[in-house]
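Visitor: Sharing a structure here in C-alpha coordinates format.
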Amino acid sequence: MKKWIWATVVAIFVLFVGGWFYFDHTMGANAYKSDLSAGKTELQEKKYTAAKDKFQAAVDKKPGAKEANTLLNQTKRFIEGNNDVNEKNFTGAREAYRNVRDQTGGSEVLVTRSKDQIKTMDAVIKNQKTLRSMYKDAVRQHNDKKI
(Lines give C-alpha, C1' and ligand atoms only; values in the text may rest on other atoms or scores of the structure.)
Protein backbone atom coordinates (compact mmCIF):
# COMPACT_ATOMS: atom_id res chain seq x y z
CA MET A 1 0.00 0.00 0.00
CA LYS A 2 2.78 2.40 0.81
CA LYS A 3 4.42 1.76 -2.57
CA TRP A 4 1.19 2.70 -4.31
CA ILE A 5 0.97 6.01 -2.42
CA TRP A 6 4.62 6.84 -3.14
CA ALA A 7 4.17 5.97 -6.81
CA THR A 8 1.14 8.28 -6.98
CA VAL A 9 3.00 11.11 -5.24
CA VAL A 10 5.99 10.72 -7.58
CA ALA A 11 3.70 10.59 -10.64
CA ILE A 12 1.88 13.75 -9.54
CA PHE A 13 5.20 15.47 -8.86
CA VAL A 14 6.57 14.48 -12.28
CA LEU A 15 3.39 15.67 -14.00
CA PHE A 16 3.50 18.94 -12.08
CA VAL A 17 7.16 19.61 -12.90
CA GLY A 18 6.68 18.54 -16.53
CA GLY A 19 3.60 20.73 -16.84
CA TRP A 20 5.46 23.64 -15.33
CA PHE A 21 8.34 23.32 -17.81
CA TYR A 22 5.92 23.00 -20.71
CA PHE A 23 3.98 26.05 -19.54
CA ASP A 24 7.18 28.05 -19.03
CA HIS A 25 8.47 27.08 -22.48
CA THR A 26 5.17 27.96 -24.15
CA MET A 27 4.99 31.32 -22.39
CA GLY A 28 8.60 32.08 -23.32
CA ALA A 29 7.96 31.25 -26.97
CA ASN A 30 4.85 33.43 -27.02
CA ALA A 31 6.70 36.31 -25.34
CA TYR A 32 9.52 35.98 -27.89
CA LYS A 33 7.08 36.16 -30.80
CA SER A 34 5.26 39.06 -29.17
CA ASP A 35 8.50 41.04 -28.68
CA LEU A 36 9.59 40.35 -32.26
CA SER A 37 6.22 41.46 -33.63
CA ALA A 38 6.16 44.57 -31.45
CA GLY A 39 9.67 45.47 -32.59
CA LYS A 40 8.66 45.22 -36.24
CA THR A 41 5.66 47.44 -35.55
CA GLU A 42 7.90 50.00 -33.86
CA LEU A 43 10.14 50.00 -36.96
CA GLN A 44 7.13 50.74 -39.16
CA GLU A 45 6.32 53.70 -36.91
CA LYS A 46 9.96 54.95 -36.99
CA LYS A 47 10.38 54.36 -33.26
CA TYR A 48 13.84 52.89 -33.57
CA THR A 49 14.88 52.94 -29.90
CA ALA A 50 11.66 51.21 -28.87
CA ALA A 51 12.18 48.66 -31.64
CA LYS A 52 15.74 48.04 -30.46
CA ASP A 53 14.46 47.46 -26.92
CA LYS A 54 11.84 44.96 -28.15
CA PHE A 55 14.41 43.08 -30.24
CA GLN A 56 16.77 43.03 -27.24
CA ALA A 57 13.98 41.55 -25.13
CA ALA A 58 13.43 38.88 -27.80
CA VAL A 59 17.16 38.08 -27.86
CA ASP A 60 17.17 37.86 -24.06
CA LYS A 61 14.40 35.27 -24.29
CA LYS A 62 16.05 33.32 -27.14
CA PRO A 63 19.75 34.22 -27.33
CA GLY A 64 20.44 32.00 -30.32
CA ALA A 65 17.54 33.25 -32.46
CA LYS A 66 18.99 34.41 -35.76
CA GLU A 67 16.07 36.63 -36.75
CA ALA A 68 15.99 38.54 -33.46
CA ASN A 69 19.78 39.02 -33.44
CA THR A 70 19.79 40.19 -37.05
CA LEU A 71 16.99 42.69 -36.46
CA LEU A 72 18.65 43.92 -33.28
CA ASN A 73 22.01 44.49 -34.98
CA GLN A 74 20.41 46.11 -38.00
CA THR A 75 18.35 48.46 -35.84
CA LYS A 76 21.40 49.39 -33.74
CA ARG A 77 23.31 50.29 -36.90
CA PHE A 78 20.42 52.38 -38.20
CA ILE A 79 20.28 54.28 -34.90
CA GLU A 80 24.05 54.73 -35.12
CA GLY A 81 23.60 56.25 -38.58
CA ASN A 82 20.93 58.62 -37.30
CA ASN A 83 23.20 59.66 -34.43
CA ASP A 84 26.06 60.28 -36.87
CA VAL A 85 23.78 62.53 -38.93
CA ASN A 86 22.88 64.51 -35.81
CA GLU A 87 26.61 64.88 -35.06
CA LYS A 88 27.24 65.94 -38.68
CA ASN A 89 29.42 62.88 -39.30
CA PHE A 90 27.95 62.23 -42.73
CA THR A 91 30.64 59.79 -43.85
CA GLY A 92 30.12 57.68 -40.73
CA ALA A 93 26.36 57.85 -41.21
CA ARG A 94 26.67 56.67 -44.81
CA GLU A 95 28.80 53.71 -43.66
CA ALA A 96 26.28 52.78 -40.94
CA TYR A 97 23.41 52.94 -43.44
CA ARG A 98 25.40 50.78 -45.88
CA ASN A 99 25.81 48.17 -43.14
CA VAL A 100 22.05 48.22 -42.57
CA ARG A 101 21.38 47.90 -46.31
CA ASP A 102 23.80 44.99 -46.69
CA GLN A 103 22.47 43.00 -43.72
CA THR A 104 20.88 39.79 -45.00
CA GLY A 105 17.76 38.41 -43.38
CA GLY A 106 16.84 41.67 -41.68
CA SER A 107 14.10 44.23 -42.03
CA GLU A 108 13.16 45.33 -45.53
CA VAL A 109 11.76 48.52 -44.00
CA LEU A 110 15.21 49.43 -42.70
CA VAL A 111 16.85 48.42 -45.98
CA THR A 112 14.54 50.75 -47.93
CA ARG A 113 15.05 53.61 -45.49
CA SER A 114 18.81 53.05 -45.52
CA LYS A 115 18.92 53.22 -49.30
CA ASP A 116 17.16 56.59 -49.14
CA GLN A 117 19.53 57.79 -46.44
CA ILE A 118 22.59 56.68 -48.43
CA LYS A 119 21.42 58.78 -51.38
CA THR A 120 20.90 61.73 -49.07
CA MET A 121 24.33 61.28 -47.44
CA ASP A 122 26.00 61.08 -50.87
CA ALA A 123 24.37 64.38 -51.83
CA VAL A 124 25.25 66.01 -48.51
CA ILE A 125 28.89 64.89 -48.72
CA LYS A 126 29.15 66.17 -52.29
CA ASN A 127 27.59 69.51 -51.34
CA GLN A 128 29.79 69.74 -48.27
CA LYS A 129 32.93 69.36 -50.42
CA THR A 130 31.67 71.98 -52.89
CA LEU A 131 30.81 74.44 -50.13
CA ARG A 132 34.17 73.96 -48.41
CA SER A 133 35.93 74.66 -51.68
CA MET A 134 33.83 77.78 -52.26
CA TYR A 135 34.49 78.95 -48.70
CA LYS A 136 38.26 78.49 -49.09
CA ASP A 137 38.16 80.46 -52.34
CA ALA A 138 36.18 83.25 -50.69
CA VAL A 139 38.61 83.43 -47.76
CA ARG A 140 41.57 83.47 -50.15
CA GLN A 141 39.99 86.26 -52.23
CA HIS A 142 39.18 88.25 -49.11
CA ASN A 143 42.75 87.89 -47.86
CA ASP A 144 44.11 88.90 -51.28
CA LYS A 145 42.14 92.17 -51.11
CA LYS A 146 43.64 93.05 -47.72
CA ILE A 147 47.17 93.04 -49.10
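As shown in the C-alpha coordinates, the chain order sets the letters A, B, ...; within each chain, residues go from 1, and ligands are also counted from 1 in the order they appear.
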If you count only C-alpha atoms, which residues fall within 12 Å of Lys88 of chain A, apart from same-chain ones fewer than 4 positions away, as a list in words?

Guide: Gly81, Asn82, Asn83, Asp84, Gly92, Ala93, Arg94, Met121, Val124, Ile125 and Gln128 of chain A

Visitor: Would you kindly return, as a list in words, each protein, DNA or RNA residue with an atom no farther than 10 Å from any atom of Ala57 of chain A, considering only C-alpha atoms and excluding same-chain residues fewer than 3 positions away?

Guide: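 Listing them by chain and then by number gives Ala31, Tyr32, Ser34, Asp35, Leu36, Gly39, Ala51, Lys52, Asp53, Lys54, Asp60, Lys61, Lys62, Pro63, Ala68 and Leu72 of chain A.
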
Visitor: Save the residues we just selected, N, CA, C and O atoms, as a CSV table (one decimal), in the first residue's frame?

Guide:
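Output file selection_17.csv is given in full below:
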```csv
chain,number,residue,atom,x,y,z
A,31,ALA,N,6.1,35.0,-25.7
A,31,ALA,CA,6.7,36.3,-25.3
A,31,ALA,C,7.7,36.7,-26.4
A,31,ALA,O,7.8,37.9,-26.8
A,32,TYR,N,8.5,35.7,-26.8
A,32,TYR,CA,9.5,36.0,-27.9
A,32,TYR,C,8.8,36.5,-29.2
A,32,TYR,O,9.2,37.5,-29.7
A,34,SER,N,5.9,37.8,-29.5
A,34,SER,CA,5.3,39.1,-29.2
A,34,SER,C,6.3,40.2,-29.2
A,34,SER,O,6.0,41.3,-29.8
A,35,ASP,N,7.5,40.0,-28.6
A,35,ASP,CA,8.5,41.0,-28.7
A,35,ASP,C,9.0,41.3,-30.1
A,35,ASP,O,9.2,42.4,-30.5
A,36,LEU,N,9.1,40.2,-30.9
A,36,LEU,CA,9.6,40.3,-32.3
A,36,LEU,C,8.6,41.1,-33.1
A,36,LEU,O,8.9,42.0,-33.8
A,39,GLY,N,8.5,44.8,-32.0
A,39,GLY,CA,9.7,45.5,-32.6
A,39,GLY,C,9.5,45.8,-34.1
A,39,GLY,O,9.8,47.0,-34.5
A,51,ALA,N,12.0,49.9,-30.9
A,51,ALA,CA,12.2,48.7,-31.6
A,51,ALA,C,13.4,47.9,-31.2
A,51,ALA,O,13.4,46.7,-31.0
A,52,LYS,N,14.5,48.7,-30.9
A,52,LYS,CA,15.7,48.0,-30.5
A,52,LYS,C,15.5,47.4,-29.1
A,52,LYS,O,15.9,46.2,-28.9
A,53,ASP,N,14.8,48.0,-28.2
A,53,ASP,CA,14.5,47.5,-26.9
A,53,ASP,C,13.6,46.2,-27.0
A,53,ASP,O,13.9,45.2,-26.3
A,54,LYS,N,12.7,46.2,-28.0
A,54,LYS,CA,11.8,45.0,-28.2
A,54,LYS,C,12.7,43.8,-28.7
A,54,LYS,O,12.5,42.7,-28.3
A,60,ASP,N,17.0,38.3,-25.4
A,60,ASP,CA,17.2,37.9,-24.1
A,60,ASP,C,16.4,36.6,-23.8
A,60,ASP,O,16.8,35.7,-23.0
A,61,LYS,N,15.2,36.5,-24.5
A,61,LYS,CA,14.4,35.3,-24.3
A,61,LYS,C,14.9,34.1,-25.1
A,61,LYS,O,14.8,32.9,-24.7
A,62,LYS,N,15.5,34.4,-26.3
A,62,LYS,CA,16.1,33.3,-27.1
A,62,LYS,C,17.4,33.8,-27.7
A,62,LYS,O,17.5,34.3,-28.8
A,63,PRO,N,18.5,33.7,-26.9
A,63,PRO,CA,19.7,34.2,-27.3
A,63,PRO,C,20.3,33.7,-28.7
A,63,PRO,O,21.0,34.5,-29.4
A,68,ALA,N,16.0,37.5,-34.5
A,68,ALA,CA,16.0,38.5,-33.5
A,68,ALA,C,17.4,39.2,-33.4
A,68,ALA,O,17.4,40.4,-33.3
A,72,LEU,N,18.1,43.1,-34.3
A,72,LEU,CA,18.7,43.9,-33.3
A,72,LEU,C,19.9,44.6,-33.8
A,72,LEU,O,20.0,45.9,-33.7
```

Visitor: What is the distance, in Å and to one decimal place, between atom CA of Phe78 of chain A and atom CA of Arg132 of chain A?

Guide: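 Distance between the two atoms: 27.5 Å.
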
Visitor: Write out as a CSV table (one decimal) with N, CA and C atoms, in the first residue's frame which residues come within 12 Å of Gln103 of chain A when counting only C-alpha atoms, dropping same-chain ones fewer than 5 positions away.

Guide:
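Just written: selection_36.csv:
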```
chain,number,residue,atom,x,y,z
A,67,GLU,N,16.9,35.5,-36.3
A,67,GLU,CA,16.1,36.6,-36.8
A,67,GLU,C,16.1,37.8,-35.8
A,69,ASN,N,18.4,38.4,-33.5
A,69,ASN,CA,19.8,39.0,-33.4
A,69,ASN,C,20.0,39.9,-34.7
A,70,THR,N,19.6,39.4,-35.8
A,70,THR,CA,19.8,40.2,-37.1
A,70,THR,C,19.0,41.5,-37.0
A,71,LEU,N,17.8,41.5,-36.6
A,71,LEU,CA,17.0,42.7,-36.5
A,71,LEU,C,17.6,43.6,-35.4
A,72,LEU,N,18.1,43.1,-34.3
A,72,LEU,CA,18.7,43.9,-33.3
A,72,LEU,C,19.9,44.6,-33.8
A,73,ASN,N,20.8,43.9,-34.4
A,73,ASN,CA,22.0,44.5,-35.0
A,73,ASN,C,21.7,45.5,-36.1
A,74,GLN,N,20.8,45.2,-36.9
A,74,GLN,CA,20.4,46.1,-38.0
A,74,GLN,C,19.8,47.4,-37.4
A,75,THR,N,19.0,47.3,-36.4
A,75,THR,CA,18.4,48.5,-35.8
A,75,THR,C,19.4,49.3,-35.1
A,76,LYS,N,20.3,48.7,-34.4
A,76,LYS,CA,21.4,49.4,-33.7
A,76,LYS,C,22.2,50.2,-34.8
A,77,ARG,N,22.5,49.6,-35.9
A,77,ARG,CA,23.3,50.3,-36.9
A,77,ARG,C,22.5,51.5,-37.5
A,78,PHE,N,21.2,51.3,-37.7
A,78,PHE,CA,20.4,52.4,-38.2
A,78,PHE,C,20.4,53.5,-37.2
A,96,ALA,N,27.2,53.5,-41.8
A,96,ALA,CA,26.3,52.8,-40.9
A,96,ALA,C,25.1,52.4,-41.8
A,97,TYR,N,24.6,53.3,-42.6
A,97,TYR,CA,23.4,52.9,-43.4
A,97,TYR,C,23.8,51.9,-44.5
A,98,ARG,N,25.0,51.9,-45.0
A,98,ARG,CA,25.4,50.8,-45.9
A,98,ARG,C,25.4,49.4,-45.2
A,108,GLU,N,13.2,44.7,-44.2
A,108,GLU,CA,13.2,45.3,-45.5
A,108,GLU,C,12.8,46.8,-45.4
A,110,LEU,N,13.9,48.7,-43.0
A,110,LEU,CA,15.2,49.4,-42.7
A,110,LEU,C,16.1,49.5,-43.9
A,111,VAL,N,16.1,48.4,-44.8
A,111,VAL,CA,16.8,48.4,-46.0
A,111,VAL,C,16.4,49.6,-46.9
A,112,THR,N,15.1,49.7,-47.1
A,112,THR,CA,14.5,50.7,-47.9
A,112,THR,C,14.9,52.1,-47.4
A,114,SER,N,17.4,52.9,-45.4
A,114,SER,CA,18.8,53.0,-45.5
A,114,SER,C,19.2,53.5,-46.9
```

Visitor: Which residue gives the smallest distance to Asp102 of chain A among A:Gln56, A:Ile118, A:Ser133, A:Thr49, with only C-alpha atoms counted?

Guide: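 Going through A:Gln56, A:Ile118, A:Ser133, A:Thr49 one by one, the smallest distance to Asp102 of chain A is for A:Ile118.
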
Visitor: One number please: atom CA of Asp137 of chain A to atom CA of Thr120 of chain A, in Å, one decimal.

Guide: 25.7 Å

Visitor: From the options A:Asn30, A:Ile79, A:Asp122, A:Ala65, which residue's atoms come nearest to Ala50 of chain A, counting only C-alpha atoms?

Guide: A:Ile79

Visitor: Would you work out the distance separating atom CA of Asn127 of chain A from atom CA of Asn99 of chain A, expressed in Å to one decimal?

Guide: 22.9 Å

Visitor: Return the single residue from A:Gln141, A:Gln44, A:Thr91, A:Ser107 that is closest to Lys119 of chain A, with distances computed using only C-alpha atoms.

Guide: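 Closest candidate: A:Thr91.
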